[in-house]
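*Asks:* First, the structure itself, so that you have it in front of you.
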There are 2 protein chains.
Amino acid sequence: MLAPDLRNKLLRAVDDGFDDQIRFLADLTRLPSLRCQEATAQDFMATALRARGLAVDRWKLRVEDIQHLPGFSPVAVSYEDAWNVVGSHRPAADSQQGRSLILNGHIDVVPTGPLDMWSQPPFEPTIVDGWMSGRGAGDMKAGLSANLFAFDALARLGLAPAAEVYIQSVIEEECTGNGALACLQRGYRAEAALITEPSAETLGVAQVGVMWFQVKVRGKPAHVAVAGTGANAIEACFPLIEALHALETRWNETRHPAFAEHAHPINFVVSRIEGGDWTSSVPSWCTFDMRIGLYPGQDLAAVRAEVESSIAQAARKDPFLAQNPPAIVYHGFQAEGYVLQKDTEAQRLLERCHATVAGAALGQRTGTGTTDARFYGLYAGIPALVYGPKAENIHAFDERVELASIRRVTQALALFIAEWCGVQTRG
Amino acid sequence: MLAPDLRNKLLRAVDDGFDDQIRFLADLTRLPSLRCQEATAQDFMATALRARGLAVDRWKLRVEDIQHLPGFSPVAVSYEDAWNVVGSHRPAADSQQGRSLILNGHIDVVPTGPLDMWSQPPFEPTIVDGWMSGRGAGDMKAGLSANLFAFDALARLGLAPAAEVYIQSVIEEECTGNGALACLQRGYRAEAALITEPSAETLGVAQVGVMWFQVKVRGKPAHVAVAGTGANAIEACFPLIEALHALETRWNETRHPAFAEHAHPINFVVSRIEGGDWTSSVPSWCTFDMRIGLYPGQDLAAVRAEVESSIAQAARKDPFLAQNPPAIVYHGFQAEGYVLQKDTEAQRLLERCHATVAGAALGQRTGTGTTDARFYGLYAGIPALVYGPKAENIHAFDERVELASIRRVTQALALFIAEWCGVQTRG
């Protein structure tokens, strides 16, 4: 237990740095770290880590380094400008009492969608009524700011963690997780990991797996004047999508125990579609993208087999598709579900730190999306605690994050670092 | 009636030029005159017209010249490189006995679709078993070749038409008809028009109207993890498309008399679709393109009202769309249906010429697509006869046209020109 005096000083140190933290968050949110465009935001993070005296490791992802590892997801994009950044704190050699810690966040943000649906430009953060809006402000640049500024709180008191702390800013969280996987491949390990995803100040105790796939449907083109002689590839997709929703319904009916209370844990979403070339031709092709959820413990190969059989069965009812079965392509998430190992020391400590700051017990939640926590938990035996601020409209328009919540999370983190790692005087 | 001797000489003159004609057709088919890329094929046509001693009028389409005219269709593309070409024959001043004639064809071709679905590259014409394959070979470069080489047959005998003949190579037939409209605007008129669309050696006596429109649907994006809180713009399109098919069914049930015998004259086709930005976001937008048919006499404004009310009714059943109604955008075809005026001299002459060449009566057909004939018939009082060779897989893969049919059509055209326009010795 931290001495009450140190505890109070740490809380105040976060308060003292909070204006800077919000400016930092706004500056970071201004950088449009969309997929394949994360590099400038990563430069910004590297500069911030370096300014704190951390050793900065910035490296480019290479598929050949990670493609053989469990948890790898295939990609259809180039990693030519795909950089991870880690800032490492290593304590003075004579301090052996602390426990090492990973503070992880992802820099990548999802697309904005049509700009005219935003009340403010998405990369021009605005503060209204105690909330900062902007694409990525909540998911999860606020978390990245919390990781850094919690570390700063110790420094502000002339202290440093008495164990290794790795502050990770990774890419690819929104589509593959290959950024976190590359951190593991590069050797980063610790006795606990904190992932400051916008969890609304709850602890993520389980999360579904996520799979992305693309269904490519062919049609038989014809002049629209004789549409009946063709096979419409766009309309042929509708029953395939329906068949996938039937699978979704079945999975929601047979719950994994961690999701027993959840209204609708498994979500299958057709999220992109494109087809046809010419308004007066029966379309000869249509491709749609699905994102599906799956339970912890569901084997990815078995999931793919079920998906393929659902599509194949529906296709057999279509005279043209029966002869020309749709192709299924997997790129993006091939992510297993994950359940946090129960009742670890790290979890108990986080519960205490949260209660100290928030004056209430730490709630738990089961996530119907994935996070990078799975890599640490499933493939490296590291308890990975998902805990971060309250945000709204994630992946939607007018995404925003609550400033008061960022402050509380940063304070809880500062307490956690001090107690988990121990503290020593800054060298 | 032509003297039998002249008639036989003309038929033989077409035969004599036929190898050249097929080479010409192959060369023209090689030029990929897709929309906004017609200019090089039009250069080729201008050169061919000039080589025949015709006065060549090549001009760029301008929306401001035609947008106030009946039959205009709004466009979403640039006409920066959009050229029409007309070659004009004007007889010696002392010849007043002939009747003037427009020979019309369009140079634009529809997209190929995925190249791997073609047996041969689409712009590499190949002759197999008496058919030439290639995108546009049938629709309608074979017709353009027939127009030119029928005119050549007279020249080969030292003759020229004794009246004005305008050989038109127009663009935009496949999407708006604005190329033919621009010919009218520029002043081209004649006592009859022949349009050598691939009609399989029948006479087009009626054609449906065609309308294109785009439906823009918005959704409420959300993280897929909580898909239920969003509104999926892609899936929201499905019931709208269904409602439009219901309108299609009603129109097919209440036939226009010209289409009484037709199995399915009105075709509504969803031909393009695009939606969503990110596989893990509930899609916030989806846009689909429809092509619909309509009957001669159906008022375009009334058609738009029916379409809009069908969509609005279906949208009202969707909680999100009820508050955020889809937008409907019209660009491309706003084409009225057209019925050929009955029993004109031009038609009776074409029937005789066809019978002479084909040894059978000229069949008639009602078209479930549109052609540029409507402009001449509806807006200039010119009987516009649609009559051309036999082609297959129009707007599809492996489009092809029958060579023997091109020869017969060219022969019938040569006879028609000689008799309609009269002949005089080449000056």
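Within each chain, counting starts at residue 1; across the structure tokens, chains are named A, B, ... in the order shown, with ligands numbered 1 upward in that order.
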May I have a table of the residues of range 101-181 of chain B lying at most 12 Å from range 381-397 of chain B, giving each one's closest pair of atoms and their distance in Å to one decimal, counting only C-alpha atoms, ordered by chain and ascending residue number, as CSV?
*Replies:*
residue,atom,partner,partner_atom,distance
B:Leu101,CA,B:Ile382,CA,9.7
B:Ile102,CA,B:Ala384,CA,8.8
B:Leu103,CA,B:Ala384,CA,9.7
B:Asn104,CA,B:Ala384,CA,9.5
B:Gly105,CA,B:Val386,CA,10.1
B:Asp108,CA,B:His395,CA,11.9
B:Val109,CA,B:His395,CA,8.5
B:Val110,CA,B:His395,CA,6.3
B:Pro111,CA,B:His395,CA,7.7
B:Thr112,CA,B:Phe397,CA,7.0
B:Gly113,CA,B:Phe397,CA,7.6
B:Pro114,CA,B:Phe397,CA,8.8
B:Leu115,CA,B:Phe397,CA,8.6
B:Asp116,CA,B:Phe397,CA,9.6
B:Met117,CA,B:Phe397,CA,6.5
B:Trp118,CA,B:Phe397,CA,5.5
B:Ser119,CA,B:Phe397,CA,8.1
B:Gln120,CA,B:Phe397,CA,9.5
B:Pro121,CA,B:Phe397,CA,10.0
B:Pro122,CA,B:Phe397,CA,8.1
B:Phe123,CA,B:Phe397,CA,11.7
B:Gly130,CA,B:Ala391,CA,11.7
B:Trp131,CA,B:Ala391,CA,8.7
B:Met132,CA,B:Ala391,CA,9.3
B:Ser133,CA,B:Glu392,CA,9.1
B:Gly134,CA,B:Phe397,CA,8.7
B:Arg135,CA,B:His395,CA,7.9
B:Gly136,CA,B:Ile394,CA,8.0
B:Ala137,CA,B:Ala391,CA,8.4
B:Gly138,CA,B:Ala391,CA,5.2
B:Asp139,CA,B:Ile394,CA,6.5
B:Met140,CA,B:Gly388,CA,8.8
B:Lys141,CA,B:Pro389,CA,10.4
B:Ala142,CA,B:Pro389,CA,7.4
B:Gly143,CA,B:Gly388,CA,6.1
B:Leu144,CA,B:Gly388,CA,9.7
B:Ser145,CA,B:Gly388,CA,10.7
B:Ala146,CA,B:Gly388,CA,8.4
B:Asn147,CA,B:Gly388,CA,9.9
B:Glu174,CA,B:His395,CA,10.0
*Asks:* Pull out every residue of chain B sitting within 8 Å of chain A, counting only C-alpha atoms, and send them as a compact mmCIF listing (two decimals) with all heavy atoms, in the first residue's frame.
*Replies:*
# COMPACT_ATOMS: atom_id res chain seq x y z
N VAL B 110 -20.03 -0.09 -73.46
CA VAL B 110 -20.18 -0.23 -72.01
C VAL B 110 -18.93 -0.91 -71.44
O VAL B 110 -18.16 -1.54 -72.17
CB VAL B 110 -21.46 -1.02 -71.64
CG1 VAL B 110 -22.69 -0.29 -72.17
CG2 VAL B 110 -21.40 -2.44 -72.14
N PRO B 111 -18.71 -0.80 -70.14
CA PRO B 111 -17.51 -1.39 -69.52
C PRO B 111 -17.45 -2.91 -69.74
O PRO B 111 -18.46 -3.56 -70.02
CB PRO B 111 -17.65 -1.05 -68.04
CG PRO B 111 -18.51 0.17 -68.01
CD PRO B 111 -19.49 -0.02 -69.15
N GLY B 113 -16.42 -5.19 -67.46
CA GLY B 113 -16.49 -6.07 -66.28
C GLY B 113 -15.15 -6.76 -66.10
O GLY B 113 -14.19 -6.46 -66.82
N PRO B 114 -15.06 -7.68 -65.13
CA PRO B 114 -13.78 -8.32 -64.84
C PRO B 114 -13.20 -9.03 -66.08
O PRO B 114 -13.88 -9.84 -66.72
CB PRO B 114 -14.12 -9.34 -63.74
CG PRO B 114 -15.38 -8.83 -63.12
CD PRO B 114 -16.13 -8.13 -64.22
N GLU B 174 -25.13 5.06 -74.54
CA GLU B 174 -25.30 4.03 -73.51
C GLU B 174 -25.67 4.61 -72.15
O GLU B 174 -25.85 3.86 -71.19
CB GLU B 174 -24.00 3.21 -73.37
CG GLU B 174 -23.63 2.40 -74.60
CD GLU B 174 -24.54 1.19 -74.83
OE1 GLU B 174 -25.53 1.02 -74.09
OE2 GLU B 174 -24.27 0.43 -75.78
N CYS B 175 -25.76 5.92 -72.05
CA CYS B 175 -25.96 6.48 -70.71
C CYS B 175 -26.91 7.67 -70.69
O CYS B 175 -27.61 7.88 -69.70
CB CYS B 175 -24.64 6.88 -70.09
SG CYS B 175 -23.53 7.68 -71.24
N TRP B 212 -32.34 6.30 -65.18
CA TRP B 212 -31.33 5.93 -64.19
C TRP B 212 -31.53 6.82 -62.97
O TRP B 212 -31.83 8.01 -63.11
CB TRP B 212 -29.91 6.20 -64.70
CG TRP B 212 -29.39 5.25 -65.71
CD1 TRP B 212 -30.07 4.27 -66.36
CD2 TRP B 212 -28.04 5.21 -66.21
NE1 TRP B 212 -29.23 3.61 -67.23
CE2 TRP B 212 -27.97 4.18 -67.16
CE3 TRP B 212 -26.88 5.94 -65.95
CZ2 TRP B 212 -26.80 3.86 -67.85
CZ3 TRP B 212 -25.72 5.64 -66.64
CH2 TRP B 212 -25.68 4.59 -67.58
N LYS B 220 -26.63 4.91 -39.24
CA LYS B 220 -26.07 5.45 -38.01
C LYS B 220 -24.89 4.57 -37.67
O LYS B 220 -25.06 3.41 -37.30
CB LYS B 220 -27.13 5.40 -36.91
CG LYS B 220 -26.63 5.96 -35.59
CD LYS B 220 -27.82 6.29 -34.68
CE LYS B 220 -27.32 6.73 -33.31
NZ LYS B 220 -27.32 5.63 -32.32
N PRO B 221 -23.68 5.10 -37.79
CA PRO B 221 -22.52 4.25 -37.55
C PRO B 221 -22.40 3.93 -36.08
O PRO B 221 -22.92 4.65 -35.22
CB PRO B 221 -21.35 5.12 -38.00
CG PRO B 221 -21.82 6.51 -37.84
CD PRO B 221 -23.31 6.49 -38.08
N ALA B 222 -21.74 2.84 -35.81
CA ALA B 222 -21.48 2.43 -34.44
C ALA B 222 -20.35 1.43 -34.51
O ALA B 222 -20.04 0.91 -35.59
CB ALA B 222 -22.72 1.78 -33.82
N HIS B 223 -19.72 1.19 -33.40
CA HIS B 223 -18.76 0.08 -33.36
C HIS B 223 -19.56 -1.19 -33.59
O HIS B 223 -20.66 -1.35 -33.04
CB HIS B 223 -18.06 0.06 -32.00
CG HIS B 223 -16.84 -0.82 -31.98
ND1 HIS B 223 -16.91 -2.17 -32.16
CD2 HIS B 223 -15.53 -0.52 -31.85
CE1 HIS B 223 -15.68 -2.68 -32.10
NE2 HIS B 223 -14.82 -1.68 -31.92
N VAL B 224 -19.02 -2.08 -34.39
CA VAL B 224 -19.73 -3.34 -34.65
C VAL B 224 -19.99 -4.13 -33.39
O VAL B 224 -20.89 -4.96 -33.35
CB VAL B 224 -18.94 -4.23 -35.64
CG1 VAL B 224 -19.10 -3.69 -37.05
CG2 VAL B 224 -17.49 -4.33 -35.25
N ALA B 225 -19.19 -3.88 -32.35
CA ALA B 225 -19.39 -4.60 -31.10
C ALA B 225 -20.78 -4.33 -30.53
O ALA B 225 -21.33 -5.14 -29.80
CB ALA B 225 -18.32 -4.18 -30.09
N VAL B 226 -21.32 -3.18 -30.88
CA VAL B 226 -22.66 -2.81 -30.42
C VAL B 226 -23.51 -2.49 -31.64
O VAL B 226 -24.16 -1.45 -31.72
CB VAL B 226 -22.61 -1.62 -29.43
CG1 VAL B 226 -22.01 -2.07 -28.11
CG2 VAL B 226 -21.77 -0.48 -30.00
N ALA B 227 -23.49 -3.40 -32.60
CA ALA B 227 -24.14 -3.16 -33.88
C ALA B 227 -25.60 -2.79 -33.70
O ALA B 227 -26.15 -2.00 -34.47
CB ALA B 227 -23.99 -4.40 -34.77
N ASN B 232 -27.65 0.01 -39.99
CA ASN B 232 -26.79 -0.46 -41.07
C ASN B 232 -27.30 0.06 -42.42
O ASN B 232 -28.35 -0.36 -42.92
CB ASN B 232 -26.77 -1.99 -41.05
CG ASN B 232 -25.72 -2.55 -41.98
OD1 ASN B 232 -25.63 -2.14 -43.14
ND2 ASN B 232 -24.93 -3.50 -41.49
N ILE B 234 -26.18 -0.40 -45.38
CA ILE B 234 -26.17 -1.39 -46.48
C ILE B 234 -27.45 -2.22 -46.42
O ILE B 234 -28.19 -2.32 -47.41
CB ILE B 234 -24.92 -2.29 -46.41
CG1 ILE B 234 -23.65 -1.46 -46.65
CG2 ILE B 234 -25.03 -3.43 -47.40
CD1 ILE B 234 -22.34 -2.21 -46.42
N GLU B 235 -27.73 -2.79 -45.25
CA GLU B 235 -28.92 -3.64 -45.15
C GLU B 235 -30.21 -2.83 -45.30
O GLU B 235 -31.23 -3.36 -45.73
CB GLU B 235 -28.88 -4.43 -43.85
CG GLU B 235 -27.72 -5.43 -43.89
CD GLU B 235 -27.72 -6.44 -42.76
OE1 GLU B 235 -27.43 -6.06 -41.62
OE2 GLU B 235 -28.00 -7.61 -43.03
N PHE B 238 -31.85 -3.03 -48.78
CA PHE B 238 -32.53 -4.21 -49.30
C PHE B 238 -34.04 -4.00 -49.43
O PHE B 238 -34.63 -4.27 -50.49
CB PHE B 238 -32.21 -5.47 -48.48
CG PHE B 238 -30.73 -5.81 -48.36
CD1 PHE B 238 -30.30 -6.81 -47.50
CD2 PHE B 238 -29.76 -5.14 -49.11
CE1 PHE B 238 -28.95 -7.13 -47.37
CE2 PHE B 238 -28.41 -5.46 -48.99
CZ PHE B 238 -28.01 -6.45 -48.12
N PRO B 265 -41.57 -6.81 -70.22
CA PRO B 265 -41.00 -5.62 -70.87
C PRO B 265 -40.29 -4.66 -69.93
O PRO B 265 -39.34 -4.00 -70.34
CB PRO B 265 -42.22 -4.93 -71.49
CG PRO B 265 -43.41 -5.49 -70.79
CD PRO B 265 -43.04 -6.87 -70.35
N ILE B 266 -40.77 -4.57 -68.70
CA ILE B 266 -40.21 -3.57 -67.77
C ILE B 266 -39.21 -4.24 -66.84
O ILE B 266 -39.56 -5.17 -66.10
CB ILE B 266 -41.35 -2.93 -66.95
CG1 ILE B 266 -42.33 -2.20 -67.87
CG2 ILE B 266 -40.80 -2.00 -65.87
CD1 ILE B 266 -41.74 -1.01 -68.61
N ASN B 267 -37.98 -3.81 -66.92
CA ASN B 267 -36.95 -4.38 -66.05
C ASN B 267 -36.35 -3.30 -65.17
O ASN B 267 -35.87 -2.28 -65.65
CB ASN B 267 -35.86 -5.04 -66.91
CG ASN B 267 -36.36 -6.30 -67.58
OD1 ASN B 267 -36.55 -7.31 -66.94
ND2 ASN B 267 -36.61 -6.23 -68.89
N PHE B 268 -36.42 -3.57 -63.87
CA PHE B 268 -35.78 -2.70 -62.86
C PHE B 268 -34.53 -3.46 -62.39
O PHE B 268 -34.65 -4.58 -61.90
CB PHE B 268 -36.69 -2.49 -61.65
CG PHE B 268 -37.77 -1.48 -61.82
CD1 PHE B 268 -38.33 -1.19 -63.06
CD2 PHE B 268 -38.27 -0.80 -60.70
CE1 PHE B 268 -39.35 -0.26 -63.19
CE2 PHE B 268 -39.29 0.13 -60.81
CZ PHE B 268 -39.83 0.40 -62.05
N VAL B 269 -33.40 -2.85 -62.52
CA VAL B 269 -32.17 -3.57 -62.15
C VAL B 269 -31.32 -2.72 -61.22
O VAL B 269 -30.99 -1.58 -61.55
CB VAL B 269 -31.36 -3.94 -63.41
CG1 VAL B 269 -30.06 -4.64 -63.03
CG2 VAL B 269 -32.18 -4.85 -64.31
N VAL B 270 -30.98 -3.29 -60.06
CA VAL B 270 -29.97 -2.65 -59.22
C VAL B 270 -28.63 -3.09 -59.80
O VAL B 270 -28.32 -4.28 -59.89
CB VAL B 270 -30.12 -3.02 -57.73
CG1 VAL B 270 -30.23 -4.51 -57.50
CG2 VAL B 270 -28.96 -2.45 -56.93
N SER B 271 -27.89 -2.13 -60.27
CA SER B 271 -26.76 -2.46 -61.12
C SER B 271 -25.42 -2.03 -60.54
O SER B 271 -24.38 -2.51 -60.98
CB SER B 271 -26.95 -1.81 -62.49
OG SER B 271 -27.43 -0.49 -62.34
N ARG B 272 -25.45 -1.16 -59.58
CA ARG B 272 -24.21 -0.79 -58.88
C ARG B 272 -24.54 -0.54 -57.43
O ARG B 272 -25.64 -0.08 -57.10
CB ARG B 272 -23.60 0.47 -59.49
CG ARG B 272 -23.21 0.28 -60.92
CD ARG B 272 -22.05 1.15 -61.33
NE ARG B 272 -22.35 2.56 -61.14
CZ ARG B 272 -21.47 3.53 -61.37
NH1 ARG B 272 -20.24 3.23 -61.76
NH2 ARG B 272 -21.82 4.78 -61.21
N ILE B 273 -23.59 -0.82 -56.58
CA ILE B 273 -23.78 -0.55 -55.15
C ILE B 273 -22.43 -0.28 -54.54
O ILE B 273 -21.41 -0.82 -54.98
CB ILE B 273 -24.50 -1.74 -54.46
CG1 ILE B 273 -24.99 -1.36 -53.07
CG2 ILE B 273 -23.59 -2.96 -54.38
CD1 ILE B 273 -25.98 -2.36 -52.46
N GLU B 274 -22.42 0.61 -53.57
CA GLU B 274 -21.19 0.87 -52.82
C GLU B 274 -21.59 1.41 -51.47
O GLU B 274 -22.46 2.27 -51.36
CB GLU B 274 -20.32 1.88 -53.57
CG GLU B 274 -18.90 1.92 -53.05
CD GLU B 274 -18.00 2.83 -53.85
OE1 GLU B 274 -18.43 3.34 -54.90
OE2 GLU B 274 -16.86 3.05 -53.40
N GLY B 275 -20.94 0.90 -50.44
CA GLY B 275 -21.26 1.40 -49.11
C GLY B 275 -20.21 1.01 -48.09
O GLY B 275 -19.50 0.01 -48.26
N GLY B 276 -20.11 1.80 -47.04
CA GLY B 276 -19.26 1.47 -45.89
C GLY B 276 -17.80 1.79 -46.12
O GLY B 276 -17.31 1.81 -47.25
N ASP B 277 -17.12 2.05 -45.01
CA ASP B 277 -15.71 2.45 -45.07
C ASP B 277 -14.78 1.49 -44.34
O ASP B 277 -13.59 1.47 -44.61
CB ASP B 277 -15.52 3.82 -44.39
CG ASP B 277 -16.34 4.89 -45.05
OD1 ASP B 277 -16.09 5.16 -46.23
OD2 ASP B 277 -17.24 5.46 -44.39
N TRP B 278 -15.31 0.76 -43.39
CA TRP B 278 -14.42 0.07 -42.47
C TRP B 278 -15.12 -1.17 -41.98
O TRP B 278 -16.29 -1.14 -41.62
CB TRP B 278 -14.07 1.01 -41.28
CG TRP B 278 -13.01 0.47 -40.39
CD1 TRP B 278 -13.18 0.01 -39.11
CD2 TRP B 278 -11.62 0.34 -40.69
NE1 TRP B 278 -11.97 -0.39 -38.61
CE2 TRP B 278 -11.00 -0.20 -39.54
CE3 TRP B 278 -10.83 0.63 -41.82
CZ2 TRP B 278 -9.62 -0.47 -39.49
CZ3 TRP B 278 -9.47 0.37 -41.77
CH2 TRP B 278 -8.87 -0.16 -40.62
N THR B 279 -14.40 -2.29 -41.97
CA THR B 279 -15.04 -3.57 -41.69
C THR B 279 -15.54 -3.67 -40.26
O THR B 279 -16.46 -4.44 -39.98
CB THR B 279 -14.07 -4.71 -42.04
OG1 THR B 279 -13.53 -4.47 -43.34
CG2 THR B 279 -14.78 -6.05 -42.04
N SER B 280 -14.98 -2.90 -39.35
CA SER B 280 -15.46 -2.96 -37.97
C SER B 280 -16.30 -1.75 -37.58
O SER B 280 -16.32 -1.37 -36.42
CB SER B 280 -14.28 -3.15 -37.01
OG SER B 280 -13.97 -4.54 -36.91
N SER B 281 -16.94 -1.12 -38.54
CA SER B 281 -17.89 -0.06 -38.23
C SER B 281 -19.21 -0.38 -38.91
O SER B 281 -19.22 -0.81 -40.06
CB SER B 281 -17.38 1.30 -38.74
OG SER B 281 -16.15 1.64 -38.15
N VAL B 282 -20.30 -0.18 -38.20
CA VAL B 282 -21.62 -0.29 -38.85
C VAL B 282 -21.66 0.78 -39.94
O VAL B 282 -21.39 1.95 -39.67
CB VAL B 282 -22.74 -0.09 -37.83
CG1 VAL B 282 -24.09 -0.05 -38.52
CG2 VAL B 282 -22.71 -1.20 -36.77
N PRO B 283 -21.96 0.40 -41.18
CA PRO B 283 -21.78 1.34 -42.28
C PRO B 283 -22.76 2.51 -42.20
O PRO B 283 -23.94 2.33 -41.97
CB PRO B 283 -22.02 0.50 -43.53
CG PRO B 283 -22.82 -0.66 -43.05
CD PRO B 283 -22.42 -0.91 -41.65
N SER B 284 -22.22 3.69 -42.43
CA SER B 284 -23.01 4.92 -42.28
C SER B 284 -23.57 5.40 -43.61
O SER B 284 -24.29 6.38 -43.65
CB SER B 284 -22.13 6.02 -41.69
OG SER B 284 -21.05 6.30 -42.55
N TRP B 285 -23.22 4.71 -44.70
CA TRP B 285 -23.73 5.16 -45.99
C TRP B 285 -23.73 3.97 -46.95
O TRP B 285 -22.93 3.05 -46.83
CB TRP B 285 -22.89 6.31 -46.56
CG TRP B 285 -21.48 5.89 -46.85
CD1 TRP B 285 -20.45 5.81 -45.95
CD2 TRP B 285 -20.94 5.46 -48.11
NE1 TRP B 285 -19.31 5.37 -46.57
CE2 TRP B 285 -19.58 5.14 -47.88
CE3 TRP B 285 -21.48 5.31 -49.39
CZ2 TRP B 285 -18.74 4.67 -48.91
CZ3 TRP B 285 -20.65 4.84 -50.42
CH2 TRP B 285 -19.29 4.53 -50.16
N ASP B 289 -27.39 2.17 -57.52
CA ASP B 289 -27.87 2.69 -58.80
C ASP B 289 -28.93 1.75 -59.36
O ASP B 289 -28.73 0.54 -59.38
CB ASP B 289 -26.73 2.74 -59.82
CG ASP B 289 -25.75 3.85 -59.54
OD1 ASP B 289 -25.19 3.88 -58.42
OD2 ASP B 289 -25.50 4.67 -60.43
N MET B 290 -30.02 2.34 -59.82
CA MET B 290 -31.05 1.54 -60.47
C MET B 290 -31.22 2.00 -61.91
O MET B 290 -31.10 3.19 -62.21
CB MET B 290 -32.41 1.74 -59.79
CG MET B 290 -32.57 1.18 -58.41
SD MET B 290 -32.74 -0.62 -58.30
CE MET B 290 -34.25 -0.96 -59.21
N ARG B 291 -31.50 1.05 -62.75
CA ARG B 291 -31.96 1.33 -64.10
C ARG B 291 -33.36 0.78 -64.17
O ARG B 291 -33.59 -0.38 -63.82
CB ARG B 291 -31.05 0.63 -65.11
CG ARG B 291 -31.48 0.75 -66.56
CD ARG B 291 -32.45 -0.32 -66.95
NE ARG B 291 -32.66 -0.34 -68.39
CZ ARG B 291 -33.67 -0.96 -69.00
NH1 ARG B 291 -34.58 -1.61 -68.28
NH2 ARG B 291 -33.76 -0.97 -70.32
N GLY B 293 -37.06 0.51 -66.57
CA GLY B 293 -37.74 0.71 -67.84
C GLY B 293 -39.10 1.36 -67.61
O GLY B 293 -39.66 1.28 -66.51
N GLY B 367 -38.56 -3.17 -78.26
CA GLY B 367 -37.31 -3.22 -77.50
C GLY B 367 -37.53 -2.90 -76.04
O GLY B 367 -38.24 -1.96 -75.69
N THR B 368 -36.89 -3.69 -75.18
CA THR B 368 -36.97 -3.44 -73.74
C THR B 368 -35.78 -2.60 -73.26
O THR B 368 -35.56 -2.45 -72.06
CB THR B 368 -37.06 -4.76 -72.96
OG1 THR B 368 -35.97 -5.60 -73.38
CG2 THR B 368 -38.36 -5.45 -73.26
N GLY B 369 -35.03 -2.10 -74.21
CA GLY B 369 -34.02 -1.08 -73.92
C GLY B 369 -34.30 0.13 -74.79
O GLY B 369 -35.20 0.10 -75.64
N ASN B 393 -24.67 -11.42 -76.41
CA ASN B 393 -23.95 -11.03 -75.19
C ASN B 393 -23.63 -9.54 -75.12
O ASN B 393 -22.61 -9.13 -74.59
CB ASN B 393 -22.66 -11.85 -75.02
CG ASN B 393 -22.93 -13.34 -74.98
OD1 ASN B 393 -24.02 -13.77 -74.59
ND2 ASN B 393 -21.96 -14.11 -75.41
N ILE B 394 -24.56 -8.78 -75.66
CA ILE B 394 -24.49 -7.32 -75.51
C ILE B 394 -24.41 -6.97 -74.02
O ILE B 394 -25.18 -7.52 -73.24
CB ILE B 394 -25.79 -6.72 -76.12
CG1 ILE B 394 -25.90 -7.06 -77.58
CG2 ILE B 394 -25.86 -5.24 -75.87
CD1 ILE B 394 -24.80 -6.57 -78.41
N HIS B 395 -23.54 -6.11 -73.64
CA HIS B 395 -23.35 -5.67 -72.24
C HIS B 395 -22.87 -6.81 -71.35
O HIS B 395 -22.92 -6.69 -70.12
CB HIS B 395 -24.63 -5.09 -71.63
CG HIS B 395 -25.05 -3.78 -72.23
ND1 HIS B 395 -25.55 -2.75 -71.50
CD2 HIS B 395 -25.01 -3.32 -73.51
CE1 HIS B 395 -25.83 -1.73 -72.30
NE2 HIS B 395 -25.52 -2.06 -73.53
N ALA B 396 -22.43 -7.90 -71.93
CA ALA B 396 -22.02 -9.05 -71.14
C ALA B 396 -20.59 -9.45 -71.53
O ALA B 396 -19.89 -8.69 -72.18
CB ALA B 396 -22.99 -10.21 -71.36
N PHE B 397 -20.15 -10.61 -71.09
CA PHE B 397 -18.84 -11.10 -71.50
C PHE B 397 -18.96 -11.76 -72.87
O PHE B 397 -19.99 -12.30 -73.24
CB PHE B 397 -18.31 -12.15 -70.51
CG PHE B 397 -18.30 -11.64 -69.09
CD1 PHE B 397 -18.93 -12.34 -68.08
CD2 PHE B 397 -17.66 -10.45 -68.77
CE1 PHE B 397 -18.92 -11.87 -66.77
CE2 PHE B 397 -17.65 -9.97 -67.47
CZ PHE B 397 -18.29 -10.69 -66.47
*Asks:* Taking into account only C-alpha atoms, which residue in the set B:Leu203, B:Leu321, B:Val401, B:Leu148 is nearest to Asp343 in chain B?
*Replies:*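 For Asp343 in chain B, the nearest of the given residues is B:Leu203.
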*Asks:* Could you jot down the CA of Gly71 in chain B to CA of Leu294 in chain B separation for me, Å, one decimal place?
*Replies:* 14.6 Å
*Asks:* To test your reading of the structure, identify every residue in range 257-363 of chain B that backbone DSSP assigns to helix (DSSP H, G or I), and report it as a ChimeraX atom specification.
*Replies:* /B:257-259,300-316,319-323,345-358
*Asks:* Between CA of Leu244 in chain A and CA of Ser310 in chain A, what is the distance in Å, rounded to a tenth?
*Replies:*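 Between CA of Leu244 in chain A and CA of Ser310 in chain A the gap is 6.4 Å.
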*Asks:* Determine, counting only C-alpha atoms, which protein, DNA and RNA residues have an atom within 9 Å of an atom of Arg352 in chain A; residues of the same chain fewer than 4 positions away are not included. Present the result as a PyMOL selection string.
*Replies:* chain A and resi 347-348+356-357+361-362+412+416
*Asks:* Got time to write the residues from that selection, C-alpha atoms, as a tab-separated table (two decimals), in the first residue's frame?
*Replies:*
chain	number	residue	atom	x	y	z
A	347	GLN	CA	-6.36	-6.99	-11.01
A	348	ARG	CA	-6.69	-6.65	-7.24
A	356	THR	CA	-9.28	5.20	-4.29
A	357	VAL	CA	-9.77	7.60	-7.18
A	361	ALA	CA	-15.85	-0.43	-6.84
A	362	LEU	CA	-14.36	-1.28	-10.22
A	412	ALA	CA	-5.58	5.41	-11.01
A	416	PHE	CA	-0.95	1.56	-10.06
